[in-house]
>>> print(open('data26.cif').read())   # mmCIF, N, CA, C and O atoms
data_my_file
loop_
_atom_site.label_atom_id
_atom_site.label_comp_id
_atom_site.auth_asym_id
_atom_site.auth_seq_id
_atom_site.Cartn_x
_atom_site.Cartn_y
_atom_site.Cartn_z
N MET A 1 175.13 117.12 121.83
CA MET A 1 174.57 118.26 121.13
C MET A 1 173.25 118.66 121.77
O MET A 1 172.50 117.83 122.24
N ILE A 2 173.00 119.91 121.68
CA ILE A 2 171.76 120.45 122.19
C ILE A 2 170.67 120.23 121.14
O ILE A 2 170.91 120.42 119.95
N PRO A 3 169.47 119.81 121.55
CA PRO A 3 168.40 119.58 120.57
C PRO A 3 168.10 120.79 119.69
O PRO A 3 167.78 120.63 118.52
N ALA A 4 168.24 121.98 120.23
CA ALA A 4 168.00 123.19 119.43
C ALA A 4 169.00 123.29 118.28
O ALA A 4 168.65 123.71 117.17
N GLU A 5 170.24 122.88 118.53
CA GLU A 5 171.25 122.89 117.46
C GLU A 5 170.89 121.89 116.37
O GLU A 5 171.07 122.17 115.19
N LEU A 6 170.37 120.75 116.78
CA LEU A 6 169.99 119.73 115.80
C LEU A 6 168.81 120.20 114.94
O LEU A 6 168.76 119.93 113.75
N ARG A 7 167.86 120.90 115.56
CA ARG A 7 166.69 121.38 114.81
C ARG A 7 167.07 122.40 113.74
O ARG A 7 166.40 122.51 112.72
N GLU A 8 168.14 123.14 113.98
CA GLU A 8 168.57 124.16 113.04
C GLU A 8 169.30 123.57 111.83
O GLU A 8 169.45 124.24 110.82
N MET A 9 169.74 122.33 111.94
CA MET A 9 170.50 121.71 110.86
C MET A 9 169.60 121.30 109.70
O MET A 9 168.42 121.02 109.88
N SER A 10 170.19 121.27 108.51
CA SER A 10 169.47 120.79 107.34
C SER A 10 169.42 119.26 107.37
O SER A 10 170.09 118.62 108.18
N ASP A 11 168.66 118.68 106.46
CA ASP A 11 168.55 117.22 106.40
C ASP A 11 169.90 116.58 106.10
O ASP A 11 170.23 115.54 106.68
N GLU A 12 170.67 117.19 105.22
CA GLU A 12 171.98 116.64 104.87
C GLU A 12 172.93 116.69 106.07
O GLU A 12 173.70 115.76 106.32
N GLN A 13 172.89 117.80 106.80
CA GLN A 13 173.75 117.94 107.96
C GLN A 13 173.37 116.92 109.04
O GLN A 13 174.23 116.36 109.70
N LEU A 14 172.06 116.69 109.20
CA LEU A 14 171.60 115.70 110.17
C LEU A 14 172.09 114.31 109.80
O LEU A 14 172.53 113.54 110.65
N GLU A 15 172.00 113.99 108.51
CA GLU A 15 172.45 112.67 108.05
C GLU A 15 173.94 112.49 108.30
O GLU A 15 174.38 111.43 108.77
N LEU A 16 174.72 113.51 108.02
CA LEU A 16 176.16 113.46 108.25
C LEU A 16 176.48 113.32 109.74
O LEU A 16 177.33 112.51 110.14
N THR A 17 175.79 114.08 110.56
CA THR A 17 175.99 114.01 112.01
C THR A 17 175.61 112.64 112.53
O THR A 17 176.29 112.09 113.40
N LEU A 18 174.54 112.07 111.99
CA LEU A 18 174.12 110.72 112.40
C LEU A 18 175.20 109.70 112.08
O LEU A 18 175.55 108.86 112.93
N LYS A 19 175.76 109.77 110.90
CA LYS A 19 176.82 108.82 110.52
C LYS A 19 178.04 108.97 111.42
O LYS A 19 178.61 107.98 111.88
N GLU A 20 178.44 110.21 111.67
CA GLU A 20 179.60 110.45 112.52
C GLU A 20 179.36 109.94 113.94
O GLU A 20 180.25 109.35 114.56
N THR A 21 178.16 110.15 114.44
CA THR A 21 177.83 109.71 115.80
C THR A 21 177.80 108.19 115.89
O THR A 21 178.26 107.61 116.88
N CYS A 22 177.29 107.54 114.86
CA CYS A 22 177.26 106.07 114.84
C CYS A 22 178.68 105.50 114.83
O CYS A 22 178.98 104.53 115.53
N VAL A 23 179.56 106.11 114.05
CA VAL A 23 180.96 105.67 114.02
C VAL A 23 181.61 105.89 115.38
O VAL A 23 182.34 105.03 115.88
N SER A 24 181.34 107.02 115.97
CA SER A 24 181.89 107.33 117.28
C SER A 24 181.40 106.33 118.33
O SER A 24 182.17 105.86 119.17
N LEU A 25 180.11 105.99 118.27
CA LEU A 25 179.55 105.02 119.20
C LEU A 25 180.20 103.66 119.01
O LEU A 25 180.52 102.97 119.98
N PHE A 26 180.42 103.26 117.77
CA PHE A 26 181.08 101.99 117.50
C PHE A 26 182.48 101.97 118.11
O PHE A 26 182.87 100.99 118.75
N ARG A 27 183.22 103.04 117.92
CA ARG A 27 184.57 103.12 118.48
C ARG A 27 184.55 103.04 120.01
O ARG A 27 185.38 102.38 120.62
N LEU A 28 183.58 103.72 120.62
CA LEU A 28 183.48 103.68 122.07
C LEU A 28 183.15 102.28 122.56
O LEU A 28 183.67 101.83 123.57
N ARG A 29 182.27 101.58 121.84
CA ARG A 29 181.94 100.21 122.23
C ARG A 29 183.16 99.30 122.12
O ARG A 29 183.39 98.45 122.98
N MET A 30 183.90 99.46 121.04
CA MET A 30 185.11 98.66 120.87
C MET A 30 186.11 98.97 121.98
O MET A 30 186.75 98.07 122.54
N GLN A 31 186.25 100.24 122.30
CA GLN A 31 187.18 100.65 123.34
C GLN A 31 186.75 100.10 124.70
O GLN A 31 187.58 99.68 125.50
N SER A 32 185.45 100.08 124.95
CA SER A 32 184.99 99.57 126.24
C SER A 32 185.22 98.08 126.37
O SER A 32 185.39 97.57 127.48
N GLN A 33 185.24 97.35 125.26
CA GLN A 33 185.47 95.91 125.30
C GLN A 33 186.96 95.55 125.36
O GLN A 33 187.31 94.54 125.94
N THR A 34 187.79 96.36 124.75
CA THR A 34 189.20 96.02 124.66
C THR A 34 190.07 96.66 125.74
O THR A 34 191.08 96.10 126.13
N GLU A 35 189.67 97.82 126.19
CA GLU A 35 190.46 98.51 127.21
C GLU A 35 189.54 99.35 128.06
O GLU A 35 188.33 99.38 127.85
N ARG A 36 190.09 100.02 128.98
CA ARG A 36 189.27 100.85 129.86
C ARG A 36 188.74 102.07 129.10
O ARG A 36 189.46 102.71 128.35
N LEU A 37 187.49 102.36 129.36
CA LEU A 37 186.84 103.50 128.74
C LEU A 37 187.00 104.70 129.66
O LEU A 37 186.70 104.63 130.85
N GLY A 38 187.46 105.82 129.10
CA GLY A 38 187.71 107.01 129.90
C GLY A 38 186.46 107.59 130.53
O GLY A 38 186.44 107.93 131.71
N ALA A 39 185.40 107.68 129.73
CA ALA A 39 184.15 108.26 130.22
C ALA A 39 182.98 107.35 129.81
O ALA A 39 182.47 107.46 128.71
N PRO A 40 182.55 106.45 130.69
CA PRO A 40 181.46 105.55 130.36
C PRO A 40 180.16 106.27 130.02
O PRO A 40 179.33 105.76 129.27
N SER A 41 179.99 107.46 130.54
CA SER A 41 178.77 108.22 130.25
C SER A 41 178.71 108.66 128.79
O SER A 41 177.64 109.01 128.29
N GLU A 42 179.83 108.63 128.11
CA GLU A 42 179.87 109.02 126.70
C GLU A 42 179.05 108.06 125.84
O GLU A 42 178.44 108.47 124.84
N LEU A 43 179.00 106.79 126.20
CA LEU A 43 178.17 105.82 125.47
C LEU A 43 176.71 106.24 125.49
O LEU A 43 176.03 106.25 124.46
N ARG A 44 176.21 106.58 126.66
CA ARG A 44 174.82 107.01 126.79
C ARG A 44 174.57 108.30 126.01
O ARG A 44 173.55 108.43 125.34
N ARG A 45 175.51 109.22 126.08
CA ARG A 45 175.36 110.49 125.38
C ARG A 45 175.26 110.28 123.87
O ARG A 45 174.42 110.90 123.20
N GLN A 46 176.09 109.39 123.34
CA GLN A 46 176.08 109.11 121.90
C GLN A 46 174.76 108.44 121.49
O GLN A 46 174.18 108.77 120.46
N ARG A 47 174.31 107.49 122.28
CA ARG A 47 173.05 106.80 121.97
C ARG A 47 171.87 107.78 121.98
O ARG A 47 170.99 107.72 121.12
N ARG A 48 171.87 108.68 122.93
CA ARG A 48 170.79 109.66 123.01
C ARG A 48 170.83 110.65 121.85
O ARG A 48 169.80 111.06 121.33
N THR A 49 172.02 111.02 121.44
CA THR A 49 172.16 111.92 120.28
C THR A 49 171.62 111.23 119.03
O THR A 49 170.90 111.85 118.23
N ILE A 50 171.94 109.96 118.85
CA ILE A 50 171.42 109.21 117.71
C ILE A 50 169.90 109.16 117.75
O ILE A 50 169.24 109.38 116.73
N ALA A 51 169.34 108.92 118.91
CA ALA A 51 167.88 108.87 119.04
C ALA A 51 167.26 110.22 118.72
O ALA A 51 166.21 110.29 118.05
N ARG A 52 167.87 111.31 119.17
CA ARG A 52 167.34 112.64 118.87
C ARG A 52 167.35 112.93 117.37
O ARG A 52 166.39 113.47 116.82
N ILE A 53 168.44 112.56 116.72
CA ILE A 53 168.55 112.81 115.28
C ILE A 53 167.50 112.01 114.53
O ILE A 53 166.81 112.54 113.65
N LYS A 54 167.34 110.74 114.88
CA LYS A 54 166.36 109.91 114.20
C LYS A 54 164.94 110.40 114.45
O LYS A 54 164.09 110.36 113.55
N THR A 55 164.68 110.91 115.64
CA THR A 55 163.37 111.46 115.96
C THR A 55 163.09 112.69 115.10
O THR A 55 162.00 112.84 114.54
N LEU A 56 164.07 113.57 114.98
CA LEU A 56 163.91 114.77 114.15
C LEU A 56 163.69 114.41 112.68
O LEU A 56 162.84 115.00 112.01
N GLN A 57 164.44 113.43 112.20
CA GLN A 57 164.27 113.01 110.81
C GLN A 57 162.86 112.47 110.58
O GLN A 57 162.23 112.77 109.57
N ARG A 58 162.35 111.69 111.51
CA ARG A 58 161.00 111.12 111.38
C ARG A 58 159.95 112.22 111.45
O ARG A 58 158.97 112.20 110.70
N GLN A 59 160.12 113.18 112.33
CA GLN A 59 159.17 114.29 112.43
C GLN A 59 159.12 115.08 111.12
O GLN A 59 158.05 115.44 110.65
N ARG A 60 160.29 115.32 110.54
CA ARG A 60 160.34 116.05 109.27
C ARG A 60 159.68 115.23 108.16
O ARG A 60 159.00 115.78 107.30
N GLU A 61 159.91 113.93 108.18
CA GLU A 61 159.30 113.05 107.18
C GLU A 61 157.78 113.08 107.29
O GLU A 61 157.08 113.18 106.28
N LEU A 62 157.26 113.01 108.50
CA LEU A 62 155.82 113.03 108.70
C LEU A 62 155.22 114.39 108.33
O LEU A 62 154.13 114.46 107.76
N THR A 63 155.93 115.45 108.64
CA THR A 63 155.46 116.79 108.29
C THR A 63 155.40 116.96 106.77
O THR A 63 154.42 117.50 106.26
N ALA A 64 156.40 116.47 106.09
CA ALA A 64 156.41 116.55 104.62
C ALA A 64 155.28 115.74 104.02
O ALA A 64 154.62 116.17 103.07
N ALA A 65 155.03 114.57 104.58
CA ALA A 65 153.95 113.72 104.07
C ALA A 65 152.59 114.36 104.35
O ALA A 65 151.68 114.26 103.51
N GLN A 66 152.47 115.02 105.46
CA GLN A 66 151.22 115.69 105.81
C GLN A 66 150.94 116.86 104.88
O GLN A 66 149.82 117.07 104.43
N LYS A 67 151.99 117.62 104.55
CA LYS A 67 151.84 118.74 103.63
C LYS A 67 151.50 118.24 102.24
O LYS A 67 150.72 118.86 101.52
N GLU A 68 152.09 117.12 101.86
CA GLU A 68 151.86 116.54 100.53
C GLU A 68 150.42 116.04 100.40
O GLU A 68 149.80 116.16 99.36
N ALA A 69 149.88 115.51 101.49
CA ALA A 69 148.52 114.98 101.47
C ALA A 69 147.47 116.10 101.44
O ALA A 69 146.37 115.90 100.95
N SER A 70 147.84 117.25 101.93
CA SER A 70 146.87 118.36 102.00
C SER A 70 146.69 119.08 100.70
O SER A 70 147.31 119.05 99.75
#
>>> encode(input="data26.cif", output="structure tokens")
Amino acid sequence: MIPAELREMSDEQLELTLKETCVSLFRLRMQSQTERLGAPSELRRQRRTIARIKTLQRQRELTAAQKEAS
């Protein structure tokens, strides 16, 4: 996913996307251990997507806390 697409999503959509990506990453890991993986680069792509989503969630959390403190 493109980071701009992730920024446009709501918090609920981000949470859902995070869960789906984690499940997908788990399946890819299992596939890589049990049989040949079609696209090894997909593992890296999924991990990076998870990191982007978690970063956005943390940024939103900090922004909300900053607004609350002001």
>>> closest_residue(input="data26.cif", among="A:Arg7, A:Arg44, A:Arg60, A:Lys54", to="Lys19 (chain A)", atoms="only C-alpha atoms")
A:Lys54
>>> atom_distance(input="data26.cif", atom1="atom O of Leu37 (chain A)", atom2="CA of Glu5 (chain A)")
27.4 Å
>>> axis_aligned_box(input="data26.cif", around="region 44-48 of chain A", padding_each_side="4 Å", output="JSON")
{"center_x": 173.0, "center_y": 108.8, "center_z": 123.6, "size_x": 14.4, "size_y": 12.5, "size_z": 14.3}
>>> atom_distance(input="data26.cif", atom1="CA of Thr63 (chain A)", atom2="atom C of Gln46 (chain A)")
24.8 Å
>>> atom_distance(input="data26.cif", atom1="atom N of Glu42 (chain A)", atom2="CA of Leu18 (chain A)")
16.8 Å
>>> closest_residue(input="data26.cif", among="A:Ala4, A:Glu12, A:Ser41, A:Arg47", to="Leu25 (chain A)", atoms="all atoms listed in the file")
A:Arg47
>>> residues_around(input="data26.cif", residues="Ile50 (chain A)", least_positions_apart="6", cutoff="8 Å", atoms="only N, CA, C and O atoms", output="MDAnalysis selection string")
chainID A and resid 17:18 21:22 43:44 56:57
>>> decode(input="data26.cif", residues="region 31-50 of chain A", atoms="C-alpha atoms", output="tab-separated table (two decimals), in the first residue's frame")
chain	number	residue	atom	x	y	z
A	31	GLN	CA	4.41	-21.06	3.32
A	32	SER	CA	8.09	-20.19	3.27
A	33	GLN	CA	8.81	-22.88	5.86
A	34	THR	CA	6.69	-25.63	4.37
A	35	GLU	CA	7.03	-25.09	0.65
A	36	ARG	CA	8.55	-22.77	-1.85
A	37	LEU	CA	7.50	-19.17	-1.60
A	38	GLY	CA	6.45	-17.62	-4.91
A	39	ALA	CA	7.64	-14.11	-4.14
A	40	PRO	CA	10.11	-13.80	-1.24
A	41	SER	CA	9.95	-10.02	-1.51
A	42	GLU	CA	6.33	-10.21	-0.34
A	43	LEU	CA	7.54	-10.93	3.22
A	44	ARG	CA	9.45	-7.65	3.31
A	45	ARG	CA	6.53	-5.76	1.77
A	46	GLN	CA	4.12	-7.07	4.42
A	47	ARG	CA	6.50	-6.24	7.28
A	48	ARG	CA	6.97	-2.72	5.98
A	49	THR	CA	3.23	-2.21	5.61
A	50	ILE	CA	2.75	-3.29	9.23
